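Before any comments, here is the structure.
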Amino acid sequence: MISLVDVMPVLPDSIPTVQEEVKMLSSMSFDDLMSRVINGAVEFGINLAIAIVVFYVGKFIIKKLYKLVQTIMVRRRADRSLTTFVLSLIKMVLYFILIVTVIGILGLETSSFLALFASAGVAVGMALSGTLQNFAGGVLILLLKPYKIGDYIEAQGFAGTVTEIQIFHTIICTYDNKSIIIPNGGLSTGSINNWSREDYRRVSWNVAISYGDSVETARAAIMEIFASDPRLVRHYVEDDREQRRQRLKALATERPAKACPANDPECHWWQRWFRHRKKMKTAIDQWGKEREAKVMAMLPKVDRSPSVVVDSLGDSSVNLIARAWTESANYWGVYYQIGERIYNELPKAGINFPFPQMDVHFQNA
């Protein structure tokens with residue numbers, strides 16, 4: 001009976017060195033050498049052709065997967081910065097796998113290649129420790145979302161609107177249209193003032209009136225200005241938010257959904273699937289908003305009515321501070337416009353704005 005050991009080929013104990021290969025080739029006849037060279041060339045040609053075919057097929061598949069993921073994330077309205085990061089990561093990983101596969105088909109040792117790549121990665125990582133910190137910071141920002149594109153933030157001594165969130169840095173645009181590039185490492189570990197995170201903000205004005213003028217008259221004039229501006233909160237932020245939601249709901253027009261029958265050849269199955277997912281997402285979002293509204297209704301309301309109080313008694317003026325609440329989107333418009341109205345309308349009510357002055361008295365000797 002022939003055992004499996006008898007039919008197995010005998011493997012060499014060790015891989016021959018270059019000198020042994022040269023010695024073995026020198027001992028071969030010319031016909032055997034040419035036969036070996038031709039066989040090796042044919043085998044390499046076949047492997048090269050297979051590698052080229054695999055490379056282009058893999059490249060085609062990667063492009064299709066890239067477009068598929070991009071379409072899914074766009075239809076799900078994913079954050080633009082997260083979409084860019086995910087697509088870049090998928091593209092790099094898939095191309096790396098494709099290159100390793102092609103190298104293996106050509107007959108090269110992929111294990112040694114991977115070890116070399118890992119060693120080079122460690123060396124590059126040590127040299128670019130700050131860049132890797134920025135990369136980690138970018139991942140944390142995309143996951144935790146302390147800010148998003150369109151938010152007005154203040155960090156690292158700069159303030160502006162976030163225009164891009166990339167892997168290594170964040171780009172903000174200032175009011176004078178300067179693009180500031182801030183590394184993500186400092187943003188992920190430092191303090192960030194996100195002015196756009198809350199939907200309502202308090203606006204304050206410092207008003208100085210002359211000594212002898214009536215504080216009540218000044219208060220009544222400012223409160224009349226507040227009452228005439230519909231952008232300000234009257235009593236509670238929650239009530240104003242609900243009124244704003246009702247106004248937007250009344251102005252919104254319901255567009256009829258496009259019919260997509262199953263027998264329509266122009267209506268693909270994936271369109272119906274995305275439309276169904278969109279309806280489910282809308283229902284889930286609506287349920288979440290209703291649940292949040294119920295939780296917020298259980299919390300005590302804080303009175304956000306406009307107020308005008310005496311802040312301090314200065315050297316030449318009585319300093320008043322006027323406060324009111326408004327939507328964050330209306331902050332600067334309310335601040336500048338009401339400030340101008342205070343300056344124009346308070347003198348009509350008999351209120352004077354003082355300026356620093358000094359009285360000098362001479363005594364006759």
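Ordering of the structure tokens sets the chain letters (A, B, ...); residue numbers start at 1 within each chain; ligands are numbered from 1 in the order shown.
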Find the nearest atom pair between each residue of stretch 167-240 of chain A and stretch 306-310 of chain A for residues within 8 Å, count only C-alpha atoms, give distances in Å to one decimal, sort rows by chain and ascending number, and present the table as JSON lines.
{"residue": "A:Arg219", "atom": "CA", "partner": "A:Val308", "partner_atom": "CA", "distance": 5.8}
{"residue": "A:Ile222", "atom": "CA", "partner": "A:Val308", "partner_atom": "CA", "distance": 7.6}
{"residue": "A:Met223", "atom": "CA", "partner": "A:Pro306", "partner_atom": "CA", "distance": 7.3}
{"residue": "A:Phe226", "atom": "CA", "partner": "A:Pro306", "partner_atom": "CA", "distance": 7.2}
{"residue": "A:Val233", "atom": "CA", "partner": "A:Pro306", "partner_atom": "CA", "distance": 7.6}
{"residue": "A:Arg234", "atom": "CA", "partner": "A:Pro306", "partner_atom": "CA", "distance": 7.1}
{"residue": "A:His235", "atom": "CA", "partner": "A:Pro306", "partner_atom": "CA", "distance": 7.9}
What's the 7 Å shell around stretch 318-332 of chain A, counting only C-alpha atoms, without same-chain residues fewer than 5 positions away, as a short mmCIF file (atom, residue, chain, number, x, y, z; two decimals) with all heavy atoms, in the first residue's frame?
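Result file out.cif:
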data_model
loop_
_atom_site.label_atom_id
_atom_site.label_comp_id
_atom_site.auth_asym_id
_atom_site.auth_seq_id
_atom_site.Cartn_x
_atom_site.Cartn_y
_atom_site.Cartn_z
N SER A 196 -22.86 78.70 16.69
CA SER A 196 -24.04 78.25 15.94
C SER A 196 -24.67 77.00 16.53
O SER A 196 -25.66 76.50 15.96
CB SER A 196 -23.64 77.95 14.48
OG SER A 196 -23.05 79.08 13.88
N ASP A 199 -29.77 77.39 18.96
CA ASP A 199 -30.61 78.11 18.00
C ASP A 199 -31.06 79.47 18.50
O ASP A 199 -31.61 80.26 17.72
CB ASP A 199 -31.83 77.26 17.63
CG ASP A 199 -32.63 76.83 18.86
OD1 ASP A 199 -32.11 76.98 19.98
OD2 ASP A 199 -33.77 76.35 18.69
N TYR A 200 -30.85 79.79 19.80
CA TYR A 200 -31.21 81.10 20.32
C TYR A 200 -30.03 81.66 21.12
O TYR A 200 -29.30 80.92 21.78
CB TYR A 200 -32.45 81.01 21.23
CG TYR A 200 -33.75 80.96 20.46
CD1 TYR A 200 -34.23 79.76 19.94
CD2 TYR A 200 -34.49 82.11 20.24
CE1 TYR A 200 -35.41 79.71 19.24
CE2 TYR A 200 -35.69 82.07 19.55
CZ TYR A 200 -36.14 80.87 19.05
OH TYR A 200 -37.31 80.82 18.34
N ARG A 201 -29.89 82.99 21.05
CA ARG A 201 -28.83 83.68 21.78
C ARG A 201 -29.37 84.97 22.39
O ARG A 201 -30.38 85.52 21.93
CB ARG A 201 -27.66 84.03 20.84
CG ARG A 201 -26.86 82.84 20.37
CD ARG A 201 -25.79 83.28 19.40
NE ARG A 201 -24.86 84.24 20.01
CZ ARG A 201 -23.90 84.86 19.34
NH1 ARG A 201 -23.74 84.64 18.05
NH2 ARG A 201 -23.11 85.70 19.96
N ARG A 202 -28.67 85.43 23.45
CA ARG A 202 -29.05 86.68 24.07
C ARG A 202 -28.21 87.82 23.50
O ARG A 202 -27.00 87.70 23.34
CB ARG A 202 -28.82 86.60 25.59
CG ARG A 202 -29.39 87.77 26.37
CD ARG A 202 -29.03 87.69 27.82
NE ARG A 202 -27.62 87.93 28.04
CZ ARG A 202 -27.02 87.89 29.24
NH1 ARG A 202 -27.73 87.57 30.30
NH2 ARG A 202 -25.73 88.12 29.35
N VAL A 203 -28.88 88.94 23.22
CA VAL A 203 -28.22 90.13 22.68
C VAL A 203 -28.23 91.19 23.77
O VAL A 203 -29.25 91.39 24.44
CB VAL A 203 -28.94 90.65 21.42
CG1 VAL A 203 -28.07 91.67 20.70
CG2 VAL A 203 -29.29 89.51 20.48
N SER A 204 -27.10 91.88 23.93
CA SER A 204 -26.97 92.91 24.97
C SER A 204 -26.51 94.21 24.35
O SER A 204 -25.69 94.22 23.43
CB SER A 204 -25.99 92.46 26.05
OG SER A 204 -26.41 91.26 26.66
N TRP A 205 -27.04 95.33 24.89
CA TRP A 205 -26.63 96.67 24.49
C TRP A 205 -26.30 97.48 25.74
O TRP A 205 -27.06 97.45 26.72
CB TRP A 205 -27.75 97.40 23.73
CG TRP A 205 -28.14 96.77 22.43
CD1 TRP A 205 -27.66 97.04 21.20
CD2 TRP A 205 -29.14 95.75 22.25
NE1 TRP A 205 -28.27 96.27 20.25
CE2 TRP A 205 -29.19 95.46 20.87
CE3 TRP A 205 -29.98 95.06 23.12
CZ2 TRP A 205 -30.04 94.51 20.34
CZ3 TRP A 205 -30.83 94.11 22.60
CH2 TRP A 205 -30.86 93.84 21.22
N ASN A 206 -25.19 98.16 25.73
CA ASN A 206 -24.81 99.06 26.81
C ASN A 206 -25.19 100.48 26.42
O ASN A 206 -24.69 101.01 25.42
CB ASN A 206 -23.30 98.97 27.09
CG ASN A 206 -22.90 97.60 27.60
OD1 ASN A 206 -23.58 97.03 28.45
ND2 ASN A 206 -21.79 97.07 27.09
N VAL A 207 -26.10 101.07 27.19
CA VAL A 207 -26.63 102.40 26.90
C VAL A 207 -26.28 103.32 28.07
O VAL A 207 -26.61 103.01 29.22
CB VAL A 207 -28.15 102.36 26.68
CG1 VAL A 207 -28.68 103.74 26.31
CG2 VAL A 207 -28.51 101.34 25.61
N ALA A 208 -25.63 104.44 27.78
CA ALA A 208 -25.26 105.42 28.80
C ALA A 208 -26.15 106.66 28.64
O ALA A 208 -26.23 107.22 27.55
CB ALA A 208 -23.79 105.80 28.67
N ILE A 209 -26.80 107.06 29.72
CA ILE A 209 -27.65 108.26 29.70
C ILE A 209 -27.09 109.26 30.70
O ILE A 209 -26.33 108.91 31.61
CB ILE A 209 -29.11 107.91 30.03
CG1 ILE A 209 -29.24 107.38 31.45
CG2 ILE A 209 -29.66 106.90 29.02
CD1 ILE A 209 -30.67 107.11 31.89
N SER A 210 -27.49 110.51 30.54
CA SER A 210 -26.96 111.59 31.39
C SER A 210 -27.58 111.54 32.78
O SER A 210 -28.73 111.08 32.95
CB SER A 210 -27.24 112.96 30.75
OG SER A 210 -26.63 113.06 29.49
N TYR A 211 -26.81 112.01 33.74
CA TYR A 211 -27.36 112.18 35.07
C TYR A 211 -28.47 113.22 35.02
O TYR A 211 -28.35 114.26 34.39
CB TYR A 211 -26.27 112.62 36.04
CG TYR A 211 -25.41 111.48 36.56
CD1 TYR A 211 -24.16 111.23 36.04
CD2 TYR A 211 -25.88 110.66 37.58
CE1 TYR A 211 -23.37 110.19 36.50
CE2 TYR A 211 -25.12 109.61 38.06
CZ TYR A 211 -23.86 109.38 37.53
OH TYR A 211 -23.09 108.35 38.00
N ARG A 231 -38.61 89.89 15.68
CA ARG A 231 -37.57 88.88 15.77
C ARG A 231 -37.18 88.53 17.19
O ARG A 231 -36.48 87.55 17.43
CB ARG A 231 -36.32 89.36 15.02
CG ARG A 231 -36.51 89.55 13.52
CD ARG A 231 -35.33 90.22 12.87
NE ARG A 231 -35.16 91.60 13.36
CZ ARG A 231 -34.21 92.43 12.95
NH1 ARG A 231 -33.34 92.00 12.04
NH2 ARG A 231 -34.13 93.65 13.42
N LEU A 232 -37.62 89.30 18.17
CA LEU A 232 -37.24 89.09 19.57
C LEU A 232 -38.24 88.18 20.28
O LEU A 232 -39.43 88.15 19.94
CB LEU A 232 -37.17 90.44 20.29
CG LEU A 232 -36.18 91.47 19.73
CD1 LEU A 232 -36.18 92.71 20.59
CD2 LEU A 232 -34.78 90.87 19.63
N VAL A 233 -37.73 87.43 21.23
CA VAL A 233 -38.57 86.54 22.03
C VAL A 233 -39.37 87.37 23.03
O VAL A 233 -38.82 88.24 23.72
CB VAL A 233 -37.69 85.50 22.77
CG1 VAL A 233 -38.54 84.62 23.67
CG2 VAL A 233 -36.93 84.65 21.77
N ARG A 304 -37.51 84.57 29.25
CA ARG A 304 -36.52 85.27 28.44
C ARG A 304 -37.07 86.62 27.94
O ARG A 304 -36.72 87.08 26.87
CB ARG A 304 -36.13 84.41 27.23
CG ARG A 304 -35.62 83.03 27.59
CD ARG A 304 -34.34 83.07 28.38
NE ARG A 304 -33.76 81.74 28.54
CZ ARG A 304 -32.69 81.46 29.27
NH1 ARG A 304 -32.08 82.45 29.93
NH2 ARG A 304 -32.23 80.24 29.36
N SER A 305 -37.89 87.24 28.71
CA SER A 305 -38.47 88.52 28.31
C SER A 305 -37.38 89.59 28.23
O SER A 305 -36.40 89.55 28.98
CB SER A 305 -39.54 88.95 29.31
OG SER A 305 -40.55 87.97 29.41
N PRO A 306 -37.51 90.56 27.33
CA PRO A 306 -36.54 91.66 27.27
C PRO A 306 -36.52 92.43 28.58
O PRO A 306 -37.53 92.56 29.28
CB PRO A 306 -37.05 92.51 26.10
CG PRO A 306 -37.90 91.59 25.29
CD PRO A 306 -38.52 90.64 26.24
N SER A 307 -35.37 92.98 28.91
CA SER A 307 -35.21 93.72 30.16
C SER A 307 -34.23 94.87 29.95
O SER A 307 -33.33 94.79 29.11
CB SER A 307 -34.71 92.80 31.28
OG SER A 307 -33.42 92.28 30.96
N VAL A 308 -34.42 95.92 30.76
CA VAL A 308 -33.53 97.08 30.78
C VAL A 308 -33.28 97.41 32.25
O VAL A 308 -34.23 97.74 32.98
CB VAL A 308 -34.12 98.29 30.05
CG1 VAL A 308 -33.16 99.47 30.09
CG2 VAL A 308 -34.46 97.93 28.60
N VAL A 309 -32.04 97.34 32.70
CA VAL A 309 -31.70 97.57 34.11
C VAL A 309 -30.51 98.50 34.18
O VAL A 309 -29.76 98.69 33.20
CB VAL A 309 -31.38 96.24 34.84
CG1 VAL A 309 -32.60 95.32 34.87
CG2 VAL A 309 -30.21 95.53 34.16
N VAL A 310 -30.33 99.10 35.37
CA VAL A 310 -29.17 99.95 35.61
C VAL A 310 -27.98 99.05 35.93
O VAL A 310 -28.02 98.26 36.87
CB VAL A 310 -29.44 100.93 36.77
CG1 VAL A 310 -28.19 101.75 37.07
CG2 VAL A 310 -30.61 101.84 36.44
N ASP A 311 -26.94 99.18 35.14
CA ASP A 311 -25.75 98.34 35.31
C ASP A 311 -24.76 98.97 36.28
O ASP A 311 -24.23 98.30 37.17
CB ASP A 311 -25.09 98.10 33.95
CG ASP A 311 -23.92 97.14 34.04
OD1 ASP A 311 -24.03 96.13 34.77
OD2 ASP A 311 -22.88 97.41 33.41
N SER A 312 -24.49 100.25 36.14
CA SER A 312 -23.52 100.92 37.01
C SER A 312 -23.72 102.43 36.91
O SER A 312 -24.37 102.93 35.98
CB SER A 312 -22.08 100.54 36.64
OG SER A 312 -21.78 100.98 35.33
N LEU A 313 -23.15 103.14 37.89
CA LEU A 313 -23.14 104.60 37.89
C LEU A 313 -21.73 105.05 37.55
O LEU A 313 -20.81 104.92 38.36
CB LEU A 313 -23.58 105.13 39.26
CG LEU A 313 -24.98 104.68 39.73
CD1 LEU A 313 -25.27 105.22 41.13
CD2 LEU A 313 -26.04 105.15 38.76
#
Can you list, as an NGL selection string, every protein, DNA or RNA residue that comes within 10 Å of stretch 175-187 of chain A when you count only C-alpha atoms, leaving out same-chain residues fewer than 5 positions away?
:A and (130-141 or 146 or 155-156 or 158-170 or 192)
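You will find atom CA of A:Ser316 at 9.9 Å from atom CA of A:Phe353.
Non-sequential neighbours of stretch 65-72 of chain A (distance at most 8 Å, separation of 5 or more positions within a chain, only C-alpha atoms) are A:Thr83, A:Leu87, A:Ile90, A:Lys91.
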Could you dump the residues just selected with N, CA, C and O atoms as an mmCIF file, in the first residue's frame?
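Result file follows (out-v6.cif):
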data_model
loop_
_atom_site.group_PDB
_atom_site.id
_atom_site.type_symbol
_atom_site.label_atom_id
_atom_site.label_comp_id
_atom_site.auth_asym_id
_atom_site.auth_seq_id
_atom_site.Cartn_x
_atom_site.Cartn_y
_atom_site.Cartn_z
ATOM 1 N N THR A 83 -18.487 62.370 4.269
ATOM 2 C CA THR A 83 -18.511 61.708 2.965
ATOM 3 C C THR A 83 -17.129 61.727 2.312
ATOM 4 O O THR A 83 -16.655 60.707 1.795
ATOM 5 N N LEU A 87 -14.965 58.248 1.633
ATOM 6 C CA LEU A 87 -14.624 57.898 0.254
ATOM 7 C C LEU A 87 -13.112 57.820 0.059
ATOM 8 O O LEU A 87 -12.611 56.907 -0.621
ATOM 9 N N ILE A 90 -11.892 54.544 1.762
ATOM 10 C CA ILE A 90 -12.261 53.355 0.987
ATOM 11 C C ILE A 90 -11.378 53.224 -0.249
ATOM 12 O O ILE A 90 -10.907 52.122 -0.587
ATOM 13 N N LYS A 91 -11.123 54.330 -0.919
ATOM 14 C CA LYS A 91 -10.312 54.286 -2.137
ATOM 15 C C LYS A 91 -8.880 53.846 -1.828
ATOM 16 O O LYS A 91 -8.315 52.998 -2.548
#
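Going from atom CA of A:Gly350 over to atom CA of A:Ser228, you cover 19.8 Å.
Closest approach to A:Gly314 among A:Asn364, A:Phe355, A:Gly339, A:Leu142 is made by A:Phe355 (distances from only C-alpha atoms).
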Shell around A:Val102 at 9 Å using only C-alpha atoms, local window under 5 positions removed, as number ranges by chain:
A: 48, 50-52, 54-55, 97, 107
Assign secondary structure with DSSP using the backbone only, and return the residues of stretch 41-192 of chain A in helix (DSSP H, G or I) as an MDAnalysis selection string.
chainID A and resid 41:75 80:105 110:127 129:144 184:189
Backbone-only DSSP, strand (DSSP E or B) members of stretch 35-261 of chain A, as a PyMOL selection string:
chain A and resi 152-155+158-165+169-173+179-183+193-194+200-209+232+236
